[in-house]
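Below is one structure, written out as structure tokens, with a few remarks after it.
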Amino acid sequence: MRKQKFGRNGPDVSVIGQGTWYIDRGDRKSAVAALRQGIELGMTHIDTAEMYGDAELVIADAIEGQRDKVFLVSKVLPSNASRRGTITACERSLKRLKTDHLDCYLLHWRGSYQLSETVTVFDELMHAGKIRSWGVSNFDVDDLAELLRVAGEGKIACNQVLYHLQERAIEHAVIPWCEQHGVAVVAYSPFGHNDFPSSRGKAGAALEKIAQAHGASARQVALAFLTRNASVLAIPKASTIEHAADNAAAGKLTLSQDELNALDKAFPRGPKPRGLPML
């Protein structure tokens, strides 16, 4: 499994991690097994959030006895991002995850609380040893620039954003900004949201052709394309051990420049949008 530095001052983290949105909706035993299989195969970056229902409880079962292997991330809701609310939310997540610290803690999206208040409490949580770094999710460049003015260089570990083959808006400005300031980009929903390209379509056929050339799956090729830049990591979800193994194999796949060009043509990034896409 390839690894990338998680932010300017962070540790090396698996390029392909494990997302957990909706993981609590299916079979609990299968979900735990999938997460454990992912860890075994090197997908040690596990992402969750207080918003994700019982996902934190599922993760607690999966990482029991192997917490030291995992880079664990959770998120605070914007409605909880006051000083007191953030502390309460963090402690609640720690209890549910059965751990004494998070490796990174994110503001899930921009809310009504001042960024200065949330940044101050993130720093307090770091000094208390409850989190080791902090970042944000769903921040466009204007929000990131404001956050940088508040926090200073080297403090923002990551920006977690929507990114998949058919939604490449972040390539226009968000990825360049993050690369300039040493902020890791974490791609959520890297297969889209129930709309992964079908091999029956022209773009999907191009994807499948590249997959066949590598003896890989189309989803592995998609992940390899998204993580082609050193600043980008991806967190696909897997609800079975088979899906976890398929995702993990993408961490070893390298595409040629011709293949990258073919995918760029098949899935054009399109014009810069007015606002940042998000789910």
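Going by the structure tokens order, chains are called A, B, ..., each with residues numbered from 1, while ligands are numbered from 1 in the order shown.
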Proximity of range 31-123 of chain A to range 241-265 of chain A: per-residue shortest pair, 9 Å limit, only C-alpha atoms, as CSV:
```
residue,atom,partner,partner_atom,distance
A:Ala31,CA,A:Ile241,CA,8.2
A:Ala33,CA,A:Ile241,CA,6.3
A:Ala34,CA,A:Ile241,CA,4.2
A:Leu35,CA,A:Ala244,CA,7.3
A:Arg36,CA,A:Ile241,CA,8.3
A:Gln37,CA,A:Ile241,CA,5.9
A:Gly38,CA,A:Ala244,CA,5.3
A:Leu41,CA,A:Ala248,CA,6.3
A:Gly42,CA,A:Ala248,CA,7.1
A:Met43,CA,A:Ala248,CA,6.4
```
Residues flagged alpha helix (DSSP H) by DSSP in range 26-211 of chain A, as a ChimeraX atom specification: /A:28-40,55-63,83-97,115-127,141-151,174-180,202-211
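Residues in contact with Leu94 in chain A at up to 10 Å, not including ones fewer than 3 positions away on its chain and judged by only C-alpha atoms, are Glu56, Ala60, Ser74, Thr88, Ala89, Cys90, Glu91, Leu97, Lys98, Thr99, Asp100, His101, Leu102, Lys130 and Ile131 of chain A.
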Residues of range 161-238 of chain A within 10 Å of range 9-23 of chain A: nearest atom pair and distance (Å, one decimal) for each, counting only C-alpha atoms, sorted by chain and number, as a tab-separated table?
```
residue	atom	partner	partner_atom	distance
A:Gly182	CA	A:Asn9	CA	8.3
A:Val183	CA	A:Asn9	CA	9.3
A:Ala184	CA	A:Gly10	CA	9.3
A:Val186	CA	A:Val15	CA	9.1
A:Ala187	CA	A:Ile16	CA	9.6
A:Tyr188	CA	A:Gly19	CA	7.4
A:Ser189	CA	A:Gly19	CA	8.1
A:Pro190	CA	A:Gly19	CA	9.8
A:Leu223	CA	A:Ile16	CA	7.9
A:Ala224	CA	A:Ile16	CA	9.1
A:Thr227	CA	A:Val15	CA	7.1
A:Arg228	CA	A:Val15	CA	9.9
A:Ala230	CA	A:Val15	CA	8.9
A:Ser231	CA	A:Val15	CA	9.4
A:Val232	CA	A:Val15	CA	7.4
A:Leu233	CA	A:Val15	CA	4.6
A:Ala234	CA	A:Ile16	CA	5.1
A:Ile235	CA	A:Gly17	CA	4.5
A:Pro236	CA	A:Gly19	CA	5.2
A:Lys237	CA	A:Gly19	CA	4.5
A:Ala238	CA	A:Gln18	CA	7.3
```
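CA of Val70 in chain A to CA of Val32 in chain A spans 14.3 Å [interatomic distance, one decimal].
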Range 148-151 of chain A: which residues within 9 Å, counting only C-alpha atoms, same-chain residues fewer than 5 positions away excluded, as a PyMOL selection string? chain A and resi 115-116+119-120+143+156+181
Determine the nearest neighbour of His164 in chain A from the options A:Ser217, A:Ser199, A:Asn194, A:Asn80, counting only C-alpha atoms. A:Asn194
Smallest atom-to-atom distance to Arg28 in chain A: which of A:Ala62, A:Cys178, A:Cys158, A:Ala203, using only C-alpha atoms? A:Ala62
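Distance annotation: of A:Lys272, A:Lys69, A:His193, A:Arg110, the residue with the minimal separation from Ala169 in chain A is A:Lys272; atom set is only C-alpha atoms.
Ranking A:Val121, A:Ile210, A:Ile46, A:Leu106 by their shortest atom-to-atom distance to Gly85 in chain A, with only C-alpha atoms included, puts A:Val121 first.
Checking A:Gln166, A:Ser82, A:Asn229, A:Thr240 one by one against Ser198 in chain A, counting only C-alpha atoms, you find the shortest gap at A:Gln166.
Take the candidates A:Ser30, A:Leu77, A:Arg92, A:Arg274 and check each one against Asp61 in chain A using only C-alpha atoms; the shortest distance goes to A:Ser30.
Summary of the local environment: counting only C-alpha atoms, residues at most 10 Å from Leu165 in chain A, other than itself and those fewer than 6 positions away along its chain, are A:Pro190, A:Phe191, A:Gly192, A:Phe196, A:Pro197, A:Ala203, A:Leu207, A:Ala222, A:Leu223, A:Phe225, A:Leu226, A:Leu263, A:Asp264, A:Ala266, A:Phe267, A:Pro268, A:Arg269.
The spacing separating CA of Leu276 in chain A from CA of Val136 in chain A amounts to 13.7 Å.
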As an MDAnalysis selection string, please: all residues of range 25-217 of chain A that backbone DSSP puts in strand (DSSP E). chainID A and resid 45:47 71:76 104:107 134:137 156:162 184:188
